[in-house]
$ cat start-v9.txt   # compact mmCIF, C-alpha atoms and all ligand atoms
# COMPACT_ATOMS: atom_id res chain seq x y z
CA MET A 158 6.16 20.31 34.53
CA THR A 159 9.96 20.36 34.74
CA HIS A 160 11.53 22.47 37.44
CA THR A 161 14.82 24.01 36.50
CA ALA A 162 15.64 26.47 39.29
CA ASN A 163 18.97 25.56 40.84
CA LEU A 164 20.24 25.78 44.39
CA THR A 165 22.97 28.43 44.29
CA PRO A 166 25.92 28.39 46.73
CA GLU A 167 24.26 31.34 48.51
CA MET A 168 21.05 29.37 48.94
CA VAL A 169 22.96 26.41 50.29
CA GLN A 170 24.69 28.73 52.77
CA HIS A 171 21.30 30.11 53.74
CA ALA A 172 19.96 26.60 54.21
CA ARG A 173 23.01 25.66 56.29
CA GLN A 174 22.45 28.59 58.61
CA GLN A 175 19.11 27.09 59.54
CA PHE A 176 20.76 23.94 60.95
CA PRO A 177 22.29 24.69 64.38
CA ALA A 178 24.35 21.47 64.38
CA LEU A 179 26.28 22.58 61.31
CA SER A 180 28.03 25.29 63.32
CA ARG A 181 29.66 22.70 65.59
CA GLU A 182 33.48 22.65 65.55
CA ILE A 183 36.20 20.15 66.38
CA ASN A 184 39.77 21.39 66.87
CA GLY A 185 38.75 24.81 65.61
CA ARG A 186 37.35 23.50 62.33
CA PRO A 187 33.68 23.07 61.40
CA VAL A 188 32.39 19.52 61.61
CA VAL A 189 31.51 17.89 58.30
CA PHE A 190 28.31 15.88 58.59
CA PHE A 191 28.43 13.02 56.10
CA ASP A 192 26.38 10.83 58.44
CA GLY A 193 22.98 11.76 56.96
CA PRO A 194 21.94 8.26 55.86
CA ALA A 195 21.74 7.24 59.53
CA GLY A 196 19.86 10.44 60.37
CA SER A 197 20.12 13.96 59.01
CA GLN A 198 20.60 17.10 61.08
CA VAL A 199 17.51 19.24 61.65
CA PRO A 200 16.72 22.89 60.94
CA GLN A 201 15.76 25.26 63.75
CA ARG A 202 12.12 25.31 62.68
CA VAL A 203 11.86 21.56 63.39
CA ILE A 204 13.40 22.06 66.84
CA ASP A 205 10.98 24.95 67.45
CA ALA A 206 7.97 22.90 66.35
CA VAL A 207 8.86 20.02 68.70
CA SER A 208 9.40 22.47 71.52
CA HIS A 209 6.17 24.41 70.78
CA CYS A 210 4.17 21.19 70.81
CA LEU A 211 5.52 20.20 74.22
CA ALA A 212 5.34 23.70 75.69
CA GLN A 213 2.02 24.92 74.32
CA THR A 214 -0.21 22.19 72.90
CA ASN A 215 0.73 19.08 74.81
CA ALA A 216 -2.48 17.06 74.91
CA ASN A 217 -3.88 13.72 73.91
CA HIS A 218 -6.13 13.17 70.91
CA GLU A 219 -9.77 14.31 70.69
CA GLY A 220 -10.16 16.16 73.97
CA LEU A 221 -12.77 18.93 74.25
CA PHE A 222 -10.37 21.68 75.31
CA ALA A 223 -7.99 24.12 73.65
CA THR A 224 -4.68 22.24 73.82
CA SER A 225 -6.28 19.12 72.38
CA PHE A 226 -8.02 21.09 69.61
CA GLU A 227 -4.68 22.65 68.67
CA SER A 228 -2.80 19.38 68.87
CA ASP A 229 -5.43 17.66 66.70
CA ALA A 230 -5.27 20.50 64.15
CA MET A 231 -1.51 20.01 63.99
CA LEU A 232 -1.93 16.24 63.51
CA HIS A 233 -4.46 16.82 60.74
CA GLU A 234 -2.05 19.20 59.01
CA ALA A 235 0.82 16.74 59.41
CA HIS A 236 -1.15 14.07 57.53
CA ARG A 237 -1.79 16.62 54.77
CA ALA A 238 1.87 17.64 54.69
CA MET A 239 3.07 14.06 54.43
CA ALA A 240 0.49 13.39 51.70
CA ASP A 241 2.01 16.34 49.82
CA PHE A 242 5.50 15.01 50.46
CA LEU A 243 4.56 11.57 49.09
CA GLY A 244 2.38 12.79 46.23
CA ALA A 245 -0.66 11.12 47.80
CA ASP A 246 -4.20 12.43 47.27
CA ASP A 247 -5.68 11.15 50.49
CA PRO A 248 -4.14 12.34 53.80
CA ASP A 249 -5.97 9.56 55.66
CA CYS A 250 -3.90 6.99 53.79
CA VAL A 251 -0.76 8.33 55.47
CA TYR A 252 -0.09 7.22 59.03
CA PHE A 253 2.62 7.69 61.61
CA GLY A 254 4.41 5.36 64.00
CA ALA A 255 7.60 4.76 65.94
CA ASN A 256 9.82 4.17 62.90
CA MET A 257 9.75 2.45 59.54
CA THR A 258 10.78 -0.91 61.02
CA THR A 259 7.93 -1.02 63.52
CA LEU A 260 5.36 0.08 60.94
CA THR A 261 6.60 -2.51 58.46
CA MET A 262 6.52 -5.29 61.07
CA ALA A 263 2.88 -4.37 61.83
CA LEU A 264 1.91 -4.29 58.17
CA GLY A 265 3.70 -7.60 57.60
CA ARG A 266 1.78 -9.19 60.43
CA ALA A 267 -1.51 -8.01 58.95
CA LEU A 268 -0.60 -9.08 55.42
CA ALA A 269 0.55 -12.51 56.62
CA ARG A 270 -3.03 -13.27 57.64
CA THR A 271 -4.00 -12.99 53.97
CA TRP A 272 -1.22 -15.31 52.71
CA SER A 273 -1.01 -19.09 52.82
CA SER A 274 1.33 -21.91 51.86
CA GLY A 275 2.04 -21.86 48.16
CA ASP A 276 2.17 -18.05 48.17
CA GLU A 277 5.47 -16.30 47.54
CA VAL A 278 7.01 -13.06 48.73
CA ILE A 279 9.92 -11.44 46.91
CA VAL A 280 12.58 -9.42 48.72
CA SER A 281 15.94 -8.24 47.45
CA ARG A 282 19.61 -8.32 48.38
CA LEU A 283 19.66 -4.57 47.75
CA GLY A 284 17.39 -4.03 50.72
CA HIS A 285 17.98 -2.75 54.23
CA ASP A 286 17.05 -5.59 56.58
CA ALA A 287 13.96 -3.59 57.63
CA ASN A 288 12.59 -4.42 54.19
CA VAL A 289 13.60 -8.07 54.35
CA SER A 290 13.22 -9.55 57.84
CA PRO A 291 9.64 -8.27 58.41
CA TRP A 292 8.59 -10.10 55.24
CA VAL A 293 10.60 -13.22 56.02
CA LEU A 294 8.92 -13.38 59.46
CA ALA A 295 5.48 -12.69 57.96
CA ALA A 296 6.01 -15.39 55.33
CA GLU A 297 7.09 -17.82 58.07
CA ASP A 298 3.84 -17.10 59.96
CA ALA A 299 1.82 -17.78 56.81
CA GLY A 300 3.84 -20.77 55.61
CA ALA A 301 4.67 -18.78 52.44
CA ARG A 302 7.95 -18.96 50.52
CA VAL A 303 10.48 -16.11 50.32
CA ARG A 304 12.51 -15.48 47.19
CA HIS A 305 15.57 -13.22 47.13
CA VAL A 306 16.40 -11.09 44.10
CA GLU A 307 20.14 -10.85 43.38
CA ILE A 308 22.24 -7.77 42.64
CA HIS A 309 24.83 -6.98 39.99
CA ARG A 310 28.10 -7.11 41.90
CA ASP A 311 29.95 -4.77 39.54
CA ASP A 312 27.82 -1.67 40.18
CA CYS A 313 25.64 -2.83 43.11
CA THR A 314 22.35 -2.39 41.28
CA LEU A 315 19.31 -4.66 41.37
CA ASP A 316 19.18 -7.52 38.89
CA VAL A 317 15.78 -6.71 37.41
CA ASP A 318 15.94 -9.75 35.11
CA ASP A 319 16.30 -11.97 38.17
CA LEU A 320 13.23 -10.29 39.65
CA ARG A 321 11.32 -10.90 36.43
CA ASP A 322 12.31 -14.59 36.54
CA LYS A 323 11.12 -14.93 40.13
CA LEU A 324 7.73 -13.29 39.60
CA SER A 325 4.82 -15.68 39.06
CA ASP A 326 1.12 -15.93 39.75
CA ARG A 327 2.11 -17.22 43.21
CA THR A 328 3.78 -13.89 44.10
CA ARG A 329 1.76 -11.92 46.65
CA LEU A 330 4.19 -9.14 47.46
CA VAL A 331 7.37 -7.60 46.06
CA ALA A 332 9.31 -5.59 48.66
CA VAL A 333 11.93 -3.28 47.18
CA SER A 334 13.95 -0.25 48.22
CA PHE A 335 13.62 2.98 46.33
CA ALA A 336 17.36 3.49 46.88
CA SER A 337 20.06 1.44 48.58
CA ASN A 338 21.45 2.89 51.80
CA VAL A 339 24.83 1.34 50.92
CA SER A 340 25.48 1.84 47.22
CA GLY A 341 22.95 4.62 46.64
CA SER A 342 21.54 2.75 43.62
CA ILE A 343 18.01 3.81 42.70
CA ASN A 344 15.64 1.01 41.72
CA PRO A 345 13.31 1.41 38.72
CA ILE A 346 10.18 1.35 40.86
CA GLU A 347 7.70 2.15 38.10
CA GLN A 348 9.02 -0.74 36.02
CA ILE A 349 9.01 -3.09 39.02
CA THR A 350 5.47 -2.08 39.94
CA ALA A 351 4.24 -2.69 36.40
CA MET A 352 5.91 -6.13 36.32
CA ALA A 353 4.52 -7.10 39.75
CA HIS A 354 1.01 -5.91 39.00
CA GLU A 355 0.98 -7.92 35.80
CA VAL A 356 1.10 -11.11 37.89
CA GLY A 357 -1.29 -9.73 40.50
CA ALA A 358 1.33 -9.02 43.21
CA GLU A 359 1.40 -5.97 45.47
CA VAL A 360 4.47 -3.74 45.80
CA PHE A 361 5.92 -2.37 49.03
CA VAL A 362 8.54 0.38 48.64
CA ASP A 363 11.07 1.29 51.30
CA ALA A 364 11.70 4.96 50.53
CA VAL A 365 13.61 5.65 53.77
CA HIS A 366 16.93 6.24 52.07
CA TYR A 367 15.57 7.97 48.98
CA ALA A 368 13.34 10.50 50.75
CA PRO A 369 15.81 13.40 51.33
CA HIS A 370 17.19 13.14 47.81
CA GLY A 371 14.34 13.36 45.33
CA ARG A 372 10.62 13.65 44.74
CA ILE A 373 8.42 10.78 45.82
CA ASP A 374 5.10 10.49 44.00
CA VAL A 375 3.18 7.37 44.93
CA GLY A 376 0.77 8.04 42.07
CA GLU A 377 3.56 7.94 39.51
CA LEU A 378 5.36 5.04 41.15
CA GLY A 379 2.16 2.99 41.12
CA CYS A 380 3.17 1.11 44.28
CA ASP A 381 0.72 -0.18 46.88
CA TYR A 382 2.55 0.70 50.10
CA LEU A 383 5.45 3.04 50.77
CA ALA A 384 7.34 3.74 53.98
CA CYS A 385 9.81 6.40 55.03
CA SER A 386 11.26 7.96 58.17
CA ALA A 387 11.25 11.66 59.01
CA TYR A 388 14.65 11.57 60.71
CA LYS A 389 16.26 10.96 57.33
CA PHE A 390 14.67 14.05 55.78
CA PHE A 391 15.49 16.68 58.40
CA GLY A 392 12.78 15.75 60.90
CA PRO A 393 12.61 13.88 64.21
CA HIS A 394 12.47 10.13 64.82
CA VAL A 395 9.06 9.25 63.39
CA GLY A 396 8.09 6.58 60.87
CA VAL A 397 5.59 7.23 58.09
CA MET A 398 3.58 4.76 56.03
CA TRP A 399 1.33 5.25 53.04
CA GLY A 400 -0.96 2.62 51.53
CA ARG A 401 -3.80 2.46 49.05
CA ARG A 402 -7.13 3.12 50.77
CA LYS A 403 -8.75 -0.10 49.61
CA LEU A 404 -5.87 -2.18 50.91
CA LEU A 405 -5.51 -0.40 54.24
CA GLU A 406 -9.25 -0.62 54.80
CA GLY A 407 -9.43 -4.26 53.77
CA LEU A 408 -6.64 -5.56 55.99
CA ALA A 409 -7.21 -6.43 59.64
CA ALA A 410 -4.82 -4.31 61.72
CA TYR A 411 -3.52 -5.55 65.07
CA LYS A 412 -5.15 -2.90 67.20
CA LEU A 413 -6.89 -2.26 70.50
CA ARG A 414 -10.68 -2.46 70.70
CA PRO A 415 -11.36 1.20 71.63
CA ALA A 416 -9.03 2.46 68.87
CA PRO A 417 -10.66 3.71 65.64
CA ASP A 418 -11.66 1.25 62.92
CA ASP A 419 -11.25 3.79 60.16
CA LEU A 420 -8.21 5.38 58.50
CA PRO A 421 -5.74 6.56 59.59
CA GLY A 422 -6.37 5.78 63.29
CA LYS A 423 -6.81 2.07 62.63
CA TRP A 424 -3.08 1.76 61.93
CA MET A 425 -1.78 4.25 64.49
CA THR A 426 -1.46 2.06 67.55
CA GLY A 427 -1.24 3.66 70.97
CA THR A 428 -0.67 7.29 71.84
CA GLN A 429 1.34 8.95 69.11
CA ASN A 430 4.58 10.90 69.35
CA HIS A 431 2.83 14.27 68.85
CA GLU A 432 5.99 16.32 69.25
CA GLY A 433 7.73 14.15 66.67
CA ILE A 434 4.81 14.51 64.27
CA ALA A 435 4.87 18.29 64.78
CA GLY A 436 8.57 18.19 63.87
CA THR A 437 7.80 16.06 60.81
CA LEU A 438 5.30 18.67 59.62
CA ALA A 439 7.96 21.35 60.12
CA ALA A 440 10.51 19.29 58.16
CA VAL A 441 8.15 19.06 55.18
CA ASP A 442 7.52 22.79 55.47
CA TYR A 443 11.27 23.44 55.60
CA LEU A 444 11.64 21.64 52.25
CA ALA A 445 8.62 23.43 50.81
CA GLY A 446 10.20 26.70 52.00
CA LEU A 447 13.27 25.87 49.94
CA GLY A 448 10.99 25.37 46.93
CA ARG A 449 9.30 28.72 47.51
CA GLU A 450 12.71 30.45 47.65
CA LEU A 451 13.44 28.93 44.25
CA SER A 452 10.11 29.87 42.66
CA ALA A 453 9.10 33.07 40.99
CA GLU A 454 5.43 32.40 41.84
CA SER A 455 4.14 31.37 45.24
CA PRO A 456 3.42 27.72 44.79
CA ASP A 457 1.32 25.64 47.15
CA ARG A 458 3.13 23.13 49.35
CA ARG A 459 2.98 20.28 46.88
CA GLU A 460 4.30 22.37 43.98
CA ALA A 461 6.95 23.89 46.22
CA LEU A 462 8.10 20.38 47.15
CA ASP A 463 8.31 19.50 43.43
CA VAL A 464 10.62 22.48 42.91
CA ALA A 465 12.71 21.86 46.02
CA MET A 466 13.28 18.16 45.48
CA ALA A 467 14.17 18.64 41.80
CA ALA A 468 16.72 21.30 42.78
CA ILE A 469 18.12 19.14 45.60
CA ALA A 470 18.54 16.20 43.22
CA ARG A 471 20.44 18.36 40.71
CA TYR A 472 22.65 19.95 43.38
CA GLU A 473 23.47 16.59 44.96
CA ARG A 474 24.28 15.08 41.56
CA GLU A 475 27.07 17.60 41.02
CA LEU A 476 28.30 17.07 44.57
CA VAL A 477 28.47 13.30 44.14
CA ARG A 478 30.14 13.72 40.75
CA ARG A 479 32.92 15.64 42.49
CA LEU A 480 33.16 13.06 45.26
CA ILE A 481 33.32 10.09 42.91
CA GLU A 482 35.85 11.75 40.57
CA GLY A 483 38.06 12.46 43.58
CA LEU A 484 37.71 9.00 45.09
CA LEU A 485 38.57 7.36 41.76
CA ARG A 486 41.90 9.19 41.87
CA ILE A 487 42.81 7.55 45.20
CA GLU A 488 44.33 4.22 44.30
CA SER A 489 43.68 2.37 47.54
CA ILE A 490 39.96 3.08 47.56
CA ARG A 491 37.22 1.01 46.01
CA ILE A 492 33.73 2.41 45.48
CA TRP A 493 30.84 -0.03 45.84
CA GLY A 494 28.23 1.38 43.47
CA ILE A 495 27.69 3.28 40.24
CA THR A 496 30.69 5.44 39.26
CA ASP A 497 29.95 6.08 35.58
CA PRO A 498 29.36 9.86 35.24
CA ALA A 499 26.68 9.18 32.63
CA GLN A 500 24.71 7.06 35.14
CA LEU A 501 24.58 9.43 38.08
CA ASP A 502 20.82 9.85 37.75
CA ARG A 503 20.55 6.17 38.74
CA ARG A 504 22.00 6.82 42.19
CA VAL A 505 21.61 9.08 45.20
CA PRO A 506 24.73 10.73 46.66
CA THR A 507 25.52 7.96 49.15
CA VAL A 508 28.92 6.50 48.41
CA SER A 509 30.28 3.48 50.26
CA ILE A 510 33.94 2.60 50.02
CA THR A 511 36.55 0.15 51.23
CA HIS A 512 40.29 0.79 51.56
CA ARG A 513 43.01 -1.65 50.52
CA GLU A 514 44.76 -1.49 53.89
CA LEU A 515 42.51 0.18 56.42
CA THR A 516 39.28 -1.24 57.79
CA ALA A 517 36.05 0.76 57.72
CA THR A 518 36.34 1.17 61.49
CA GLU A 519 39.85 2.60 61.14
CA LEU A 520 38.75 4.95 58.39
CA ALA A 521 35.74 6.21 60.37
CA THR A 522 37.88 6.67 63.48
CA ARG A 523 40.53 8.70 61.64
CA LEU A 524 37.96 10.86 59.92
CA GLY A 525 35.98 11.33 63.13
CA GLU A 526 39.10 12.57 64.91
CA ARG A 527 39.48 15.13 62.13
CA GLY A 528 35.88 16.34 62.41
CA ILE A 529 34.47 14.42 59.46
CA PHE A 530 31.55 12.27 60.57
CA ALA A 531 30.80 9.20 58.47
CA TRP A 532 29.37 5.78 59.33
CA HIS A 533 31.11 2.43 59.13
CA GLY A 534 29.73 -1.11 59.16
CA ASN A 535 26.79 -2.67 57.34
CA PHE A 536 24.14 -0.04 58.20
CA TYR A 537 21.67 -2.94 58.72
CA ALA A 538 21.82 -3.58 54.98
CA LEU A 539 23.00 -7.07 55.85
CA PRO A 540 21.45 -8.76 52.79
CA MET A 541 23.70 -6.60 50.60
CA THR A 542 26.95 -6.73 52.61
CA GLU A 543 26.58 -10.51 52.86
CA ALA A 544 25.96 -10.80 49.12
CA LEU A 545 29.05 -8.67 48.42
CA GLY A 546 31.23 -10.65 50.85
CA LEU A 547 31.80 -7.57 53.00
CA GLU A 548 30.95 -9.04 56.39
CA PRO A 549 31.96 -8.60 59.16
CA GLU A 550 33.87 -5.36 58.63
CA GLY A 551 31.53 -3.64 56.18
CA LEU A 552 32.24 -0.32 54.51
CA LEU A 553 32.72 3.37 55.15
CA ARG A 554 29.65 5.31 54.01
CA ILE A 555 29.85 8.92 52.87
CA GLY A 556 26.33 10.30 52.80
CA LEU A 557 25.83 13.67 51.13
CA LEU A 558 22.81 15.87 51.63
CA HIS A 559 21.86 19.27 50.20
CA TYR A 560 23.42 21.01 53.22
CA ASN A 561 26.84 19.63 52.27
CA THR A 562 29.20 21.67 50.12
CA PRO A 563 31.90 21.10 47.49
CA GLN A 564 34.43 22.42 50.03
CA GLU A 565 33.44 19.69 52.49
CA VAL A 566 33.81 17.06 49.77
CA ASP A 567 37.29 18.40 48.99
CA ARG A 568 38.23 18.29 52.67
CA LEU A 569 37.25 14.64 52.86
CA LEU A 570 39.14 13.82 49.65
CA GLU A 571 42.26 15.49 51.05
CA GLU A 572 42.04 13.44 54.23
CA LEU A 573 41.52 10.20 52.34
CA ALA A 574 44.30 10.97 49.85
CA SER A 575 46.69 11.70 52.72
CA LEU A 576 46.27 8.10 53.91
CA ASP A 577 48.08 6.91 50.77
CA ARG A 578 51.04 9.22 51.28
C1 LIG A 601 16.95 2.08 53.63
C2 LIG A 601 16.45 1.97 55.02
N1 LIG A 601 15.32 1.32 55.24
C3 LIG A 601 14.80 1.19 56.48
C4 LIG A 601 15.45 1.74 57.56
C5 LIG A 601 14.84 1.57 58.93
O1 LIG A 601 14.23 2.76 59.27
P1 LIG A 601 13.79 3.04 60.78
O2 LIG A 601 15.03 3.38 61.53
O3 LIG A 601 12.85 4.19 60.67
O4 LIG A 601 13.14 1.83 61.28
C6 LIG A 601 16.65 2.42 57.38
C7 LIG A 601 17.37 2.97 58.53
O5 LIG A 601 18.53 3.27 58.48
C8 LIG A 601 17.15 2.55 56.07
O6 LIG A 601 18.29 3.22 55.82
$ encode --input "start-v9.txt" --output "C-alpha cells"
Amino acid sequence: MTHTANLTPEMVQHARQQFPALSREINGRPVVFFDGPAGSQVPQRVIDAVSHCLAQTNANHEGLFATSFESDAMLHEAHRAMADFLGADDPDCVYFGANMTTLTMALGRALARTWSSGDEVIVSRLGHDANVSPWVLAAEDAGARVRHVEIHRDDCTLDVDDLRDKLSDRTRLVAVSFASNVSGSINPIEQITAMAHEVGAEVFVDAVHYAPHGRIDVGELGCDYLACSAYKFFGPHVGVMWGRRKLLEGLAAYKLRPAPDDLPGKWMTGTQNHEGIAGTLAAVDYLAGLGRELSAESPDRREALDVAMAAIARYERELVRRLIEGLLRIESIRIWGITDPAQLDRRVPTVSITHRELTATELATRLGERGIFAWHGNFYALPMTEALGLEPEGLLRIGLLHYNTPQEVDRLLEELASLDR
C-alpha cells in the first residue's frame, strides 16, 4: 500500500512542540539543530518514559514482585515495538545493547568463529567505521581476507559493479550501510542482498543513519542482520540488532553461563539499560503517533509507522531539495554527494560540504556562535573521508530531520552565503 498523507507545516510545528530542546535560544534566536546524524533531540514522551522507568518500575529482570513484572512487561513491549519499527515478524529476533558498535563487535566475534582462512568478508568505503573495523578485526581473528568496495567519487555513491566483481563463493559476509552518514547516499540493499545470497554470502546492514529518515523492512530488504541506534531516531543511547532466527540461534554468543541460551537473552549480555529501552519504546511510539495523526483510520503500530516514515521521507526530500538548491548557489561551497534533483530519492537529507577557504572546524565554529549546530570532521566515517582525500580536516555536515523547517534551512543558507560577501 502506498501512503500519501503529507506532513503539513502545522503538523511539523506540532511535532516540534514535543521536543523541549527545540525551544532553546542563543542570543535571543532559536537554536537550529542540524546535528541529528550524531544524535537527534528527543520528544517529551521519551524523557517521561525514561523517568517513569527509573521512578516507578526500576527493577532487574524476572523478579517475582510488582516492579519487576512491570519492567519485564515494558521490555517485552519494547521488543515488539522495535520489531514493528524494523518490519520484523519475530520480536525475539530483536535485541538491545549499549550501542551499535558494541553489538556489532560482539556479532563479529561470534561470526569469526565460523570463518577460516580462504574465506572473504566484504566491507565498503561508504561505511561508518563501526561497519568496517568490527569485520576487519573479526576477519583477522579467523585468518579471513577483507575486501573493500570502492565508491564513485563524483556523487559519493557505492560502486555496485565493484561489489559484484569482489563477490565470489569465498565471500562469507557483505557488510553495507543502508545510508552514508557523510554523503547521505542510500545503498540499493535489496539488490546487494540478492547478489550476495546468490554466492551464498550473508548480508549485514548498518541502518543507523537511515533509521530516522525512512521505513526499514527487513523482510523486504532480505538482509540477514541489521543494526541501528535509538539515539538517532529520537530515543536514548541504546543499540538495537536484528538477525534471522536460524542464524542467531546457530551462532555461539560470547555470554555468561547463567544467562539465557535462547533468544533474545542469549545476545543481551549483562544487565540491560532498562530506562534506555523504555525510552526506545517511547521513541517508536512517538513515530507511530505521527502516523496516526496522518491517518484517517486508526492503524496499528506497524501500519502507523509505514504512514509516518513515508511522510517523513517526502517532507525531508523537499527540505533537502531546498538546501541543495541554495548551497549550489554559493560559489565557494562544494557538496559531497548527490545533488541532481531527479536523484533525491537515492539520498537522505544529510548534506556534507567543504568551503574553498574555510575549514570545516571554522565553519562549524562560526555557525555554532550564531546558534546553528552542525558537526565537523569525519564522523567516524574514516573509510570514506580517506577515500575522498578529506583527511584530516573532514567536512561540515548538515543533518536535516523532520523537526527541521524550511525557515531553518534558509537561515543556514543566509549565514553561509554571507561568508562569501
Ligand atoms: C552510520 C553509522 N553507523 C554506526 C554508527 C555507530 O553507532 P553507535 O554510536 O550506536 O555505536 C554511527 C554513529 O554515528 C553511524 O552514524
$ residues_near_ligand --input "start-v9.txt" --ligand "ligand LIG 601 (chain A)" --cutoff "7 Å" --atoms "all atoms listed in the file" --output "list in words"
Pro194, Ala195, Asn256, Met257, Thr258, Thr259, Gly284, His285, Ala287, Asn288, Ser334, Ala336, Ser337, Asn338, Asp363, Ala364, Val365, His366, Cys385, Ser386, Val395, Gly396, Phe536 and Tyr537 of chain A
$ closest_residue --input "start-v9.txt" --among "A:Asp311, A:Glu460, A:Glu519, A:Glu514" --to "Leu243 in chain A" --atoms "only C-alpha atoms"
A:Glu460
$ closest_residue --input "start-v9.txt" --among "A:Asp374, A:Asp318, A:Glu219, A:Asp286" --to "Val306 in chain A" --atoms "only C-alpha atoms"
A:Asp318
$ atom_distance --input "start-v9.txt" --atom1 "CA of Leu476 in chain A" --atom2 "CA of Glu347 in chain A"
26.2 Å
$ atom_distance --input "start-v9.txt" --atom1 "CA of Trp272 in chain A" --atom2 "CA of Gln348 in chain A"
24.4 Å
$ atom_distance --input "start-v9.txt" --atom1 "CA of Asp322 in chain A" --atom2 "CA of Ser290 in chain A"
21.9 Å
$ closest_residue --input "start-v9.txt" --among "A:His533, A:Arg578, A:Arg479, A:His160" --to "Thr518 in chain A" --atoms "all atoms listed in the file"
A:His533
$ residues_around --input "start-v9.txt" --residues "Val397 in chain A" --least-positions-apart "2" --cutoff "12 Å" --atoms "all atoms listed in the file" --output "MDAnalysis selection string"
chainID A and resid 235:236 238:240 242:243 248 250:261 363:365 368 382:390 392:395 399:400 421 424:425 429:430 433:434 437:438
$ residues_around --input "start-v9.txt" --residues "Glu406 in chain A" --least-positions-apart "2" --cutoff "10 Å" --atoms "all atoms listed in the file" --output "PDB file with C-alpha atoms, in the frame of the given file"
ATOM      1  CA  CYS A 250      -3.900   6.990  53.790  1.00  0.00           C
ATOM      2  CA  GLY A 400      -0.960   2.620  51.530  1.00  0.00           C
ATOM      3  CA  ARG A 401      -3.800   2.460  49.050  1.00  0.00           C
ATOM      4  CA  ARG A 402      -7.130   3.120  50.770  1.00  0.00           C
ATOM      5  CA  LYS A 403      -8.750  -0.100  49.610  1.00  0.00           C
ATOM      6  CA  LEU A 404      -5.870  -2.180  50.910  1.00  0.00           C
ATOM      7  CA  LEU A 408      -6.640  -5.560  55.990  1.00  0.00           C
ATOM      8  CA  ALA A 409      -7.210  -6.430  59.640  1.00  0.00           C
ATOM      9  CA  ALA A 410      -4.820  -4.310  61.720  1.00  0.00           C
ATOM     10  CA  ASP A 418     -11.660   1.250  62.920  1.00  0.00           C
ATOM     11  CA  ASP A 419     -11.250   3.790  60.160  1.00  0.00           C
ATOM     12  CA  LEU A 420      -8.210   5.380  58.500  1.00  0.00           C
ATOM     13  CA  PRO A 421      -5.740   6.560  59.590  1.00  0.00           C
ATOM     14  CA  LYS A 423      -6.810   2.070  62.630  1.00  0.00           C
ATOM     15  CA  TRP A 424      -3.080   1.760  61.930  1.00  0.00           C
TER      16      TRP A 424
END
$ closest_residue --input "start-v9.txt" --among "A:Phe530, A:Met231, A:Thr507, A:Val293" --to "Trp493 in chain A" --atoms "only C-alpha atoms"
A:Thr507
$ closest_residue --input "start-v9.txt" --among "A:Pro166, A:Ala544, A:Cys380, A:Gly427" --to "Arg282 in chain A" --atoms "all atoms listed in the file"
A:Ala544
